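Asks: Dropping in run_33.txt, which is compact mmCIF, C-alpha atoms:
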# COMPACT_ATOMS: atom_id res chain seq x y z
CA MET A 141 -115.30 114.64 54.40
CA THR A 142 -112.91 111.75 54.76
CA LEU A 143 -113.54 108.76 52.54
CA GLU A 144 -113.15 105.37 54.22
CA ILE A 145 -112.60 102.10 52.35
CA ARG A 146 -113.44 99.04 54.45
CA LEU A 147 -114.95 95.59 54.34
CA ALA A 148 -118.73 95.60 54.27
CA GLN A 149 -120.69 94.71 57.39
CA PRO A 150 -123.59 92.22 57.29
CA HIS A 151 -126.16 94.85 58.28
CA GLU A 152 -125.12 96.82 55.15
CA TYR A 153 -125.64 94.07 52.58
CA ALA A 154 -129.16 95.13 51.53
CA GLU A 155 -128.04 98.73 51.02
CA ILE A 156 -124.93 97.61 49.13
CA GLY A 157 -127.05 95.45 46.87
CA ALA A 158 -129.37 98.38 46.18
CA ILE A 159 -126.43 100.69 45.43
CA THR A 160 -124.96 98.14 43.02
CA GLU A 161 -128.21 97.56 41.17
CA ASP A 162 -129.10 101.28 41.11
CA ALA A 163 -125.71 102.14 39.62
CA TYR A 164 -126.00 99.56 36.86
CA VAL A 165 -129.63 100.51 36.12
CA ALA A 166 -128.71 104.22 36.00
CA ASP A 167 -126.16 103.38 33.31
CA ASP A 168 -128.67 101.21 31.40
CA LEU A 169 -126.64 98.05 31.98
CA VAL A 170 -129.40 95.73 33.21
CA PRO A 171 -131.39 94.51 30.21
CA ASP A 172 -135.05 93.74 30.85
CA GLY A 173 -135.51 90.06 31.55
CA SER A 174 -131.78 89.43 31.96
CA GLY A 175 -132.04 88.27 35.56
CA TYR A 176 -128.98 90.36 36.40
CA GLY A 177 -130.76 92.62 38.91
CA PRO A 178 -131.00 89.92 41.61
CA VAL A 179 -127.33 89.03 41.04
CA LEU A 180 -126.34 92.66 41.60
CA ARG A 181 -128.49 92.87 44.73
CA ASP A 182 -126.96 89.73 46.28
CA ALA A 183 -124.25 91.45 48.28
CA ALA A 184 -124.41 88.77 50.98
CA ARG A 185 -123.27 86.14 48.49
CA ARG A 186 -120.41 88.36 47.30
CA ALA A 187 -119.31 88.81 50.91
CA ARG A 188 -119.40 85.03 51.48
CA GLU A 189 -117.66 84.00 48.27
CA ALA A 190 -115.29 86.92 47.67
CA GLU A 191 -114.37 90.16 49.49
CA LEU A 192 -116.97 92.93 49.54
CA TRP A 193 -115.58 96.43 50.06
CA VAL A 194 -117.36 99.74 50.52
CA ALA A 195 -116.49 103.39 50.25
CA ALA A 196 -118.21 105.44 52.94
CA ASP A 197 -118.10 108.92 54.38
CA GLY A 198 -120.22 110.96 56.78
CA ASP A 199 -123.13 110.69 54.33
CA GLY A 200 -123.07 106.89 54.49
CA LEU A 201 -122.23 104.29 51.87
CA LEU A 202 -121.17 105.72 48.52
CA GLY A 203 -119.97 102.74 46.54
CA THR A 204 -118.75 99.18 46.51
CA VAL A 205 -116.42 96.75 44.76
CA THR A 206 -115.87 93.01 44.98
CA THR A 207 -112.34 91.64 45.00
CA CYS A 208 -111.88 88.04 43.88
CA PRO A 209 -109.10 86.21 45.69
CA PRO A 210 -107.86 82.79 44.54
CA GLY A 211 -110.56 80.19 45.09
CA SER A 212 -113.41 82.68 44.90
CA SER A 213 -116.39 81.70 42.74
CA TYR A 214 -116.39 85.32 41.52
CA ARG A 215 -112.92 84.99 40.00
CA GLU A 216 -113.44 84.88 36.23
CA LEU A 217 -110.27 86.01 34.47
CA ALA A 218 -107.38 85.99 36.89
CA VAL A 219 -104.73 83.31 36.85
CA GLU A 220 -101.81 82.80 39.21
CA LEU A 221 -100.19 86.08 40.35
CA GLU A 222 -103.12 88.16 39.09
CA GLY A 223 -105.64 90.07 41.14
CA GLU A 224 -109.19 90.64 39.95
CA PHE A 225 -112.09 92.84 40.93
CA ARG A 226 -115.70 93.10 39.82
CA MET A 227 -118.94 94.99 40.24
CA LEU A 228 -117.46 98.41 40.90
CA ALA A 229 -120.50 100.59 41.57
CA VAL A 230 -121.10 104.07 42.97
CA ALA A 231 -124.53 105.26 43.98
CA PRO A 232 -125.82 107.73 41.38
CA ARG A 233 -126.29 110.36 44.14
CA ALA A 234 -122.63 109.98 45.18
CA ARG A 235 -120.86 110.14 41.84
CA ARG A 236 -117.99 112.55 41.15
CA ARG A 237 -116.83 112.43 44.78
CA GLY A 238 -113.83 110.13 44.33
CA ALA A 239 -115.37 106.89 45.58
CA ALA A 240 -114.76 104.89 42.38
CA ARG A 241 -111.16 106.09 42.16
CA ALA A 242 -110.55 105.22 45.83
CA LEU A 243 -112.08 101.76 45.41
CA VAL A 244 -109.95 100.98 42.34
CA GLN A 245 -106.81 102.19 44.12
CA HIS A 246 -107.72 99.96 47.08
CA CYS A 247 -108.05 96.95 44.76
CA LEU A 248 -104.65 97.65 43.23
CA ASP A 249 -103.08 98.06 46.68
CA LEU A 250 -104.59 94.77 47.88
CA SER A 251 -103.24 92.93 44.84
CA ARG A 252 -99.81 94.51 45.16
CA ASN A 253 -99.68 93.58 48.87
CA ALA A 254 -100.70 90.00 48.00
CA GLY A 255 -97.72 89.72 45.65
CA ASP A 256 -99.72 89.81 42.43
CA LYS A 257 -97.91 90.97 39.31
CA ARG A 258 -100.97 92.42 37.56
CA VAL A 259 -104.69 93.00 37.93
CA VAL A 260 -107.32 91.96 35.41
CA LEU A 261 -110.98 92.80 35.11
CA SER A 262 -113.96 92.42 32.81
CA SER A 263 -116.12 95.35 31.79
CA GLU A 264 -119.23 95.52 29.64
CA ALA A 265 -118.45 97.10 26.30
CA ARG A 266 -120.76 100.07 26.96
CA MET A 267 -119.13 101.07 30.29
CA HIS A 268 -117.21 103.96 28.71
CA GLY A 269 -116.95 105.96 31.96
CA ALA A 270 -115.43 102.98 33.75
CA HIS A 271 -113.01 102.43 30.87
CA ARG A 272 -111.85 106.05 31.14
CA LEU A 273 -111.33 105.61 34.88
CA TYR A 274 -109.38 102.38 34.41
CA SER A 275 -107.15 104.00 31.80
CA THR A 276 -106.08 106.66 34.34
CA PHE A 277 -104.64 103.80 36.42
CA GLY A 278 -102.78 102.38 33.43
CA PHE A 279 -105.20 99.60 32.52
CA SER A 280 -105.09 98.57 28.88
CA ARG A 281 -107.17 96.20 26.80
CA LEU A 282 -106.49 92.47 26.94
CA PRO A 283 -108.59 91.35 23.95
CA GLU A 284 -107.45 87.73 24.05
CA ARG A 285 -109.43 87.35 27.29
CA ASP A 286 -112.65 89.04 26.11
CA TRP A 287 -115.63 86.78 26.71
CA SER A 288 -119.39 86.48 26.80
CA PRO A 289 -121.11 85.00 29.88
CA VAL A 290 -124.49 84.91 28.08
CA PRO A 291 -125.56 85.66 24.52
CA GLY A 292 -125.68 89.40 23.85
CA VAL A 293 -123.38 90.36 26.75
CA ASN A 294 -119.85 91.05 25.57
CA LEU A 295 -117.26 91.62 28.25
CA LEU A 296 -113.97 93.31 27.49
CA ALA A 297 -110.86 92.33 29.44
CA PHE A 298 -108.44 94.89 30.84
CA VAL A 299 -105.09 94.52 32.58
CA VAL A 300 -102.62 96.66 34.50
CA GLU A 301 -99.11 95.65 35.50
CA LEU A 302 -98.26 96.30 39.16
Any chance you could give the structure as structure tokens?
Replies:
Amino acid sequence: MTLEIRLAQPHEYAEIGAITEDAYVADDLVPDGSGYGPVLRDAARRAREAELWVAADGDGLLGTVTTCPPGSSYRELAVELEGEFRMLAVAPRARRRGAARALVQHCLDLSRNAGDKRVVLSSEARMHGAHRLYSTFGFSRLPERDWSPVPGVNLLAFVVEL
């Protein structure tokens, strides 16, 4: 089936939120009591304050990513001439079908078309599968921008030149 990458539609926000949370929970990335589950489910806010993209095929929605243009409240690392994306998630039932790869490529294409010189992102230290995926696109570590949004959560920074 053909994979489509497109902006999310309002009637899809609840499903996108569930996909995002399910993906993070499946990878044991939502600590009990962290309050991160509701943040992951809030796709409507991501669509309002950033750009919410989905990967879909004939089976429905497979995954999602949030791109963070200048001025977005979701922009955490990027400075001038840098793109940024966050919350890359693929439904556990849809993994190994190319959705994550297609979403990352879409983010890189958007940044390149916007005139950005590089793309940065944060990733939880335990997201080894995501790190392997990013490395296939040429991302490398950017340790000087590592950070911690809350105690006990250590985010690693990555960068790729466009």
Asks: Quick one: of A:Leu250, A:Asp197, A:Asp256, A:Leu169, who's nearest to Gly292 (chain A), counting all atoms listed in the file?
Replies: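 Closest to Gly292 (chain A), using all atoms listed in the file: A:Leu169.
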Asks: Pick out the closest residue to Lys257 (chain A) from this set: A:Gly223, A:Val165, A:Ala158, A:Ala187. Count all atoms listed in the file.
Replies: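 The closest residue to Lys257 (chain A) is A:Gly223.
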Asks: Would you mind listing, for every residue of region 202-222 of chain A within 12 Å of region 228-245 of chain A, the two atoms forming the shortest contact and the distance between them in Å to one decimal, using all atoms listed in the file, sorted by chain and ascending residue number, as a tab-separated table?
Replies:
residue	atom	partner	partner_atom	distance
A:Leu202	CA	A:Ala234	CA	5.6
A:Gly203	CA	A:Val230	CA	4.0
A:Thr204	CA	A:Ala229	CA	5.4
A:Val205	CA	A:Leu228	CA	4.3
A:Thr206	CA	A:Leu228	CA	7.0
A:Thr207	CA	A:Leu228	CA	9.4
Asks: Give me the residues near Glu224 (chain A) as a list in words, where near means some atom within 10 Å (using all atoms listed in the file) and where sequence neighbours in that chain fewer than 3 positions away do not count.
Replies: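 The contact residues come out as Thr206, Thr207, Cys208, Pro209, Pro210, Tyr214, Arg215, Glu216, Leu217, Ala218, Val219, Cys247, Leu248, Ser251, Asp256, Arg258, Val259, Val260, Leu261, Ser262 and Val299 of chain A.
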Asks: Could those residues be written to a file, using C-alpha atoms, as a PDB file, in the coordinates of the input?
Replies:
ATOM      1  CA  THR A 206    -115.870  93.010  44.980  1.00  0.00           C
ATOM      2  CA  THR A 207    -112.340  91.640  45.000  1.00  0.00           C
ATOM      3  CA  CYS A 208    -111.880  88.040  43.880  1.00  0.00           C
ATOM      4  CA  PRO A 209    -109.100  86.210  45.690  1.00  0.00           C
ATOM      5  CA  PRO A 210    -107.860  82.790  44.540  1.00  0.00           C
ATOM      6  CA  TYR A 214    -116.390  85.320  41.520  1.00  0.00           C
ATOM      7  CA  ARG A 215    -112.920  84.990  40.000  1.00  0.00           C
ATOM      8  CA  GLU A 216    -113.440  84.880  36.230  1.00  0.00           C
ATOM      9  CA  LEU A 217    -110.270  86.010  34.470  1.00  0.00           C
ATOM     10  CA  ALA A 218    -107.380  85.990  36.890  1.00  0.00           C
ATOM     11  CA  VAL A 219    -104.730  83.310  36.850  1.00  0.00           C
ATOM     12  CA  CYS A 247    -108.050  96.950  44.760  1.00  0.00           C
ATOM     13  CA  LEU A 248    -104.650  97.650  43.230  1.00  0.00           C
ATOM     14  CA  SER A 251    -103.240  92.930  44.840  1.00  0.00           C
ATOM     15  CA  ASP A 256     -99.720  89.810  42.430  1.00  0.00           C
ATOM     16  CA  ARG A 258    -100.970  92.420  37.560  1.00  0.00           C
ATOM     17  CA  VAL A 259    -104.690  93.000  37.930  1.00  0.00           C
ATOM     18  CA  VAL A 260    -107.320  91.960  35.410  1.00  0.00           C
ATOM     19  CA  LEU A 261    -110.980  92.800  35.110  1.00  0.00           C
ATOM     20  CA  SER A 262    -113.960  92.420  32.810  1.00  0.00           C
ATOM     21  CA  VAL A 299    -105.090  94.520  32.580  1.00  0.00           C
TER      22      VAL A 299
END
Asks: For CA of Val290 (chain A) and CA of Ser174 (chain A), determine how far apart the two atoms are, in Å to one decimal place.
Replies: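 Interatomic distance here is 9.4 Å.
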Asks: What separation in Å, quoted to one decimal, exists between CA of Asn294 (chain A) and CA of Ala265 (chain A)?
Replies: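 Separation of CA of Asn294 (chain A) and CA of Ala265 (chain A): 6.3 Å.
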Asks: With distances taken over only C-alpha atoms, which residue among A:Pro289, A:Gly255, A:Trp193, A:Leu273 lies nearest Ile145 (chain A)?
Replies: A:Trp193
Asks: Distance CA of Leu147 (chain A)-CA of Leu192 (chain A), one decimal place?
Replies: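 Between CA of Leu147 (chain A) and CA of Leu192 (chain A) the gap works out to 5.8 Å.
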Asks: So which residues touch Met267 (chain A) within 10 Å, counting all atoms listed in the file, skipping near sequence neighbours fewer than 5 positions away, as an NGL selection string?
Replies: :A and (164 or 167-169 or 272 or 295-296)
Asks: Tell me which of A:Glu222, A:Arg181, A:Gly269, A:Arg186 sits closest to Ala254 (chain A), counting all atoms listed in the file.
Replies: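 Closest residue, counting all atoms listed in the file: A:Glu222.
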Asks: At a cut-off of 9 Å around the point (-131.0, 93.9, 41.3) (file coordinates), what residues fall inside when counting only C-alpha atoms? I'd like the answer as a VMD selection string.
Replies: chain A and resid 157 to 158 160 to 162 164 to 165 170 175 to 182
Asks: Which residue is closest to Met227 (chain A)? Choose from A:Arg252, A:Gly211, A:Glu144, A:Ile156 and count all atoms listed in the file.
Replies: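 Among A:Arg252, A:Gly211, A:Glu144, A:Ile156, it is A:Ile156 that comes nearest to Met227 (chain A).
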